[in-house]
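Colleague: My structure file query.pdb, PDB, C-alpha atoms, is below:
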```
ATOM      1  CA  MET T  12     -32.543 -19.055  -1.079  1.00  0.00           C
ATOM      2  CA  ARG T  13     -30.680 -17.559   1.872  1.00  0.00           C
ATOM      3  CA  HIS T  14     -30.507 -20.916   3.633  1.00  0.00           C
ATOM      4  CA  PHE T  15     -29.137 -22.508   0.452  1.00  0.00           C
ATOM      5  CA  LEU T  16     -26.276 -19.977   0.159  1.00  0.00           C
ATOM      6  CA  ARG T  17     -25.461 -20.182   3.858  1.00  0.00           C
ATOM      7  CA  SER T  18     -25.540 -23.960   3.871  1.00  0.00           C
ATOM      8  CA  ASN T  19     -23.227 -24.178   0.842  1.00  0.00           C
ATOM      9  CA  LEU T  20     -20.683 -21.778   2.329  1.00  0.00           C
ATOM     10  CA  GLU T  21     -20.675 -23.639   5.639  1.00  0.00           C
ATOM     11  CA  LYS T  22     -20.247 -26.982   3.868  1.00  0.00           C
ATOM     12  CA  PHE T  23     -17.506 -25.638   1.594  1.00  0.00           C
ATOM     13  CA  ILE T  24     -15.466 -24.280   4.504  1.00  0.00           C
ATOM     14  CA  ALA T  25     -16.034 -27.396   6.594  1.00  0.00           C
ATOM     15  CA  GLY T  26     -15.153 -29.729   3.724  1.00  0.00           C
ATOM     16  CA  THR T  27     -12.217 -27.774   2.320  1.00  0.00           C
ATOM     17  CA  PHE T  28     -10.593 -26.565   5.507  1.00  0.00           C
ATOM     18  CA  GLY T  29     -12.064 -28.948   8.091  1.00  0.00           C
ATOM     19  CA  ILE T  30     -13.522 -26.099  10.167  1.00  0.00           C
ATOM     20  CA  PRO T  31     -16.838 -26.953  11.858  1.00  0.00           C
ATOM     21  CA  LEU T  32     -19.659 -24.384  11.853  1.00  0.00           C
ATOM     22  CA  ARG T  33     -19.238 -23.367  15.495  1.00  0.00           C
ATOM     23  CA  LYS T  34     -15.596 -22.457  14.820  1.00  0.00           C
ATOM     24  CA  GLN T  35     -16.493 -20.670  11.573  1.00  0.00           C
ATOM     25  CA  SER T  36     -18.577 -18.160  13.518  1.00  0.00           C
ATOM     26  CA  VAL T  37     -15.708 -17.571  15.966  1.00  0.00           C
ATOM     27  CA  LEU T  38     -13.331 -17.045  13.024  1.00  0.00           C
ATOM     28  CA  LEU T  39     -15.717 -14.542  11.449  1.00  0.00           C
ATOM     29  CA  GLU T  40     -15.709 -12.519  14.671  1.00  0.00           C
ATOM     30  CA  SER T  41     -11.903 -12.702  14.884  1.00  0.00           C
ATOM     31  CA  ILE T  42     -11.498 -11.567  11.278  1.00  0.00           C
ATOM     32  CA  SER T  43     -13.993  -8.737  11.767  1.00  0.00           C
ATOM     33  CA  ASP T  44     -12.185  -7.574  14.923  1.00  0.00           C
ATOM     34  CA  ALA T  45      -8.766  -7.750  13.242  1.00  0.00           C
ATOM     35  CA  ILE T  46      -9.957  -5.679  10.284  1.00  0.00           C
ATOM     36  CA  SER T  47     -11.487  -3.106  12.648  1.00  0.00           C
ATOM     37  CA  GLU T  48      -8.114  -2.774  14.389  1.00  0.00           C
ATOM     38  CA  VAL T  49      -6.091  -2.501  11.172  1.00  0.00           C
ATOM     39  CA  VAL T  50      -8.300   0.027   9.341  1.00  0.00           C
ATOM     40  CA  PRO T  51      -6.984   3.051  11.287  1.00  0.00           C
ATOM     41  CA  LEU T  52      -3.395   1.948  10.625  1.00  0.00           C
ATOM     42  CA  VAL T  53      -4.060   1.659   6.893  1.00  0.00           C
ATOM     43  CA  ARG T  54      -5.636   5.118   6.897  1.00  0.00           C
ATOM     44  CA  ILE T  55      -2.520   6.555   8.567  1.00  0.00           C
ATOM     45  CA  LYS T  56      -0.277   4.970   5.926  1.00  0.00           C
ATOM     46  CA  MET T  57      -2.554   6.326   3.191  1.00  0.00           C
ATOM     47  CA  LYS T  58      -1.971   9.848   4.530  1.00  0.00           C
ATOM     48  CA  GLU T  59       1.785   9.323   4.878  1.00  0.00           C
ATOM     49  CA  ASN T  60       2.348   7.754   1.460  1.00  0.00           C
ATOM     50  CA  ALA T  61       0.624   9.333  -1.524  1.00  0.00           C
ATOM     51  CA  GLY T  62       1.484   6.320  -3.698  1.00  0.00           C
ATOM     52  CA  PHE T  63      -0.426   4.031  -1.330  1.00  0.00           C
ATOM     53  CA  ARG T  64      -3.681   6.034  -1.221  1.00  0.00           C
ATOM     54  CA  ASP T  65      -5.485   4.338  -4.095  1.00  0.00           C
ATOM     55  CA  ILE T  66      -4.315   0.870  -3.095  1.00  0.00           C
ATOM     56  CA  GLY T  67      -5.328   1.577   0.498  1.00  0.00           C
ATOM     57  CA  LYS T  68      -8.794   2.665  -0.627  1.00  0.00           C
ATOM     58  CA  ARG T  69      -9.207  -0.504  -2.649  1.00  0.00           C
ATOM     59  CA  MET T  70      -8.066  -2.626   0.310  1.00  0.00           C
ATOM     60  CA  LEU T  71     -10.417  -0.953   2.779  1.00  0.00           C
ATOM     61  CA  LEU T  72     -13.428  -1.083   0.474  1.00  0.00           C
ATOM     62  CA  ALA T  73     -12.789  -4.764  -0.331  1.00  0.00           C
ATOM     63  CA  TRP T  74     -12.414  -5.662   3.367  1.00  0.00           C
ATOM     64  CA  GLN T  75     -15.560  -3.764   4.275  1.00  0.00           C
ATOM     65  CA  GLU T  76     -17.607  -5.395   1.524  1.00  0.00           C
ATOM     66  CA  GLY T  77     -16.277  -8.866   2.343  1.00  0.00           C
ATOM     67  CA  VAL T  78     -17.060  -8.706   6.042  1.00  0.00           C
ATOM     68  CA  ILE T  79     -20.485  -7.167   5.502  1.00  0.00           C
ATOM     69  CA  ARG T  80     -21.372  -9.922   3.022  1.00  0.00           C
ATOM     70  CA  LEU T  81     -20.273 -12.640   5.425  1.00  0.00           C
ATOM     71  CA  ARG T  82     -22.183 -11.100   8.314  1.00  0.00           C
ATOM     72  CA  ASP T  83     -25.505 -10.782   6.474  1.00  0.00           C
ATOM     73  CA  GLY T  84     -28.251 -13.394   6.544  1.00  0.00           C
ATOM     74  CA  ARG T  85     -27.088 -15.217   3.424  1.00  0.00           C
ATOM     75  CA  ALA T  86     -23.831 -16.260   5.060  1.00  0.00           C
ATOM     76  CA  TYR T  87     -23.657 -16.314   8.851  1.00  0.00           C
ATOM     77  CA  ALA T  88     -26.239 -13.743  10.005  1.00  0.00           C
ATOM     78  CA  ALA T  89     -23.782 -12.412  12.578  1.00  0.00           C
ATOM     79  CA  ALA T  90     -24.717  -9.532  14.846  1.00  0.00           C
ATOM     80  CA  GLY T  91     -23.888  -5.974  13.868  1.00  0.00           C
ATOM     81  CA  TRP T  92     -20.275  -5.089  13.204  1.00  0.00           C
ATOM     82  CA  PRO T  93     -19.187  -2.221  15.463  1.00  0.00           C
ATOM     83  CA  VAL T  94     -16.525  -0.540  13.351  1.00  0.00           C
ATOM     84  CA  ASP T  95     -17.037   2.908  14.905  1.00  0.00           C
ATOM     85  CA  ASN T  96     -17.073   4.799  11.588  1.00  0.00           C
ATOM     86  CA  ALA T  97     -13.692   3.349  10.599  1.00  0.00           C
ATOM     87  CA  PHE T  98     -14.723   3.168   6.950  1.00  0.00           C
ATOM     88  CA  GLU T  99     -16.514   6.516   6.866  1.00  0.00           C
ATOM     89  CA  GLY T 100     -15.348   9.079   4.331  1.00  0.00           C
ATOM     90  CA  ILE T 101     -13.471   6.749   2.000  1.00  0.00           C
ATOM     91  CA  SER T 102     -14.034   7.918  -1.549  1.00  0.00           C
ATOM     92  CA  ALA T 103     -14.007   5.542  -4.470  1.00  0.00           C
ATOM     93  CA  PRO T 104     -10.543   4.948  -5.920  1.00  0.00           C
ATOM     94  CA  PRO T 105      -9.902   6.033  -9.502  1.00  0.00           C
ATOM     95  CA  LYS T 106     -10.587   3.490 -12.208  1.00  0.00           C
ATOM     96  CA  LEU T 107      -7.597   1.464 -13.272  1.00  0.00           C
ATOM     97  CA  ASP T 108      -6.331   1.611 -16.821  1.00  0.00           C
ATOM     98  CA  SER T 109      -6.724  -1.795 -18.355  1.00  0.00           C
ATOM     99  CA  PRO T 110      -4.900  -1.901 -21.655  1.00  0.00           C
ATOM    100  CA  ARG T 111      -6.117  -4.604 -23.976  1.00  0.00           C
ATOM    101  CA  LYS T 112      -3.661  -7.455 -24.059  1.00  0.00           C
ATOM    102  CA  VAL T 113      -3.688 -10.044 -26.798  1.00  0.00           C
ATOM    103  CA  LEU T 114      -2.295 -13.328 -25.571  1.00  0.00           C
ATOM    104  CA  GLY T 115      -0.554 -15.820 -27.789  1.00  0.00           C
ATOM    105  CA  ARG T 116       0.762 -13.382 -30.394  1.00  0.00           C
ATOM    106  CA  SER T 117       4.325 -12.353 -30.766  1.00  0.00           C
ATOM    107  CA  GLU T 118       5.335  -8.974 -32.130  1.00  0.00           C
ATOM    108  CA  LEU T 119       8.063 -10.860 -33.981  1.00  0.00           C
ATOM    109  CA  LEU T 120       5.566 -12.708 -36.176  1.00  0.00           C
ATOM    110  CA  GLY T 121       4.426 -11.166 -39.423  1.00  0.00           C
ATOM    111  CA  ASN T 122       0.987  -9.696 -39.957  1.00  0.00           C
ATOM    112  CA  ARG T 123      -1.806 -11.612 -41.538  1.00  0.00           C
ATOM    113  CA  ILE T 124      -2.480 -10.766 -45.154  1.00  0.00           C
ATOM    114  CA  GLY T 125      -4.907  -7.893 -45.480  1.00  0.00           C
ATOM    115  CA  LYS T 126      -4.365  -6.451 -41.997  1.00  0.00           C
ATOM    116  CA  PRO T 127      -2.027  -3.481 -41.861  1.00  0.00           C
ATOM    117  CA  LYS T 128       0.278  -3.334 -38.859  1.00  0.00           C
ATOM    118  CA  LYS T 129      -0.538  -0.534 -36.435  1.00  0.00           C
ATOM    119  CA  ALA T 130       2.236   1.908 -35.728  1.00  0.00           C
ATOM    120  CA  PRO T 131       3.253   2.018 -32.054  1.00  0.00           C
ATOM    121  CA  PRO T 132       2.091   5.135 -30.173  1.00  0.00           C
ATOM    122  CA  LYS T 133       4.656   7.898 -29.851  1.00  0.00           C
TER     123      LYS T 133
END
```
Output the structure of this file as structure tokens.

Modeller:
Amino acid sequence: MRHFLRSNLEKFIAGTFGIPLRKQSVLLESISDAISEVVPLVRIKMKENAGFRDIGKRMLLAWQEGVIRLRDGRAYAAAGWPVDNAFEGISAPPKLDSPRKVLGRSELLGNRIGKPKKAPPK
């Protein structure tokens, strides 16, 4: 199964972006290195700007997960990623509120018969 996933990713990138396998591995290393360099800067901005903390956490956790997935055997089986504890100590960000949105209905339209209209929250 691992070979199947790896082969499909390689073919997708080669076919979609025209990047041969040998260059894909070089790009993976470049991306990994760039993320390793930027992580400390993001952490500094998280400390300086309280409003950026949760977004910064989400960014760092997504970057970490993405690179680790690419570097494992199912994608490119790259060597270890020396990030020198850059991601250590990042707690999970708080869950986002996701209000239920109903698409395709206007508040200007009347209610269906038999369904009372809900009063807006105060």

Colleague: For the file shown, report as a VMD selection string the outcome of the PyMOL selection byres ((chain T and resi 69-77) around 9) at residue level.

Modeller: chain T and resid 46 50 53 to 54 64 to 68 78 to 82 98 101 103 to 104

Colleague: Record the distance separating CA of Glu21 in chain T and CA of Lys34 in chain T, expressed in Å with one decimal.

Modeller: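 If I compute the distance from CA of Glu21 in chain T to CA of Lys34 in chain T, I get 10.6 Å.
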
Colleague: As an exercise, work out the distance from CA of Gly26 in chain T to CA of Ala45 in chain T in Å and give it to one decimal place.

Modeller: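 Pair CA of Gly26 in chain T / CA of Ala45 in chain T returns 24.8 Å.
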
Colleague: When you draw a straight line from CA of Ser36 in chain T to CA of Glu48 in chain T, how long is it in Å?

Modeller: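 It comes out at 18.6 Å.
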
Colleague: Which polymer residues have any atom within 12 Å of an atom of Ile24 in chain T, counting all atoms listed in the file, with same-chain residues fewer than 5 positions away left out, as a ChimeraX atom specification?

Modeller: /T:17-19,29-36,38-39,86

Colleague: Mind working out the centre and edge lengths of an axis-aligned box for range 60-76 of chain T, all listed atoms inside, 5 Å added to each side, rounded to one decimal in Å and written as JSON?

Modeller:
```
{"center_x": -7.6, "center_y": 1.8, "center_z": 0.1, "size_x": 30.0, "size_y": 25.0, "size_z": 18.4}
```
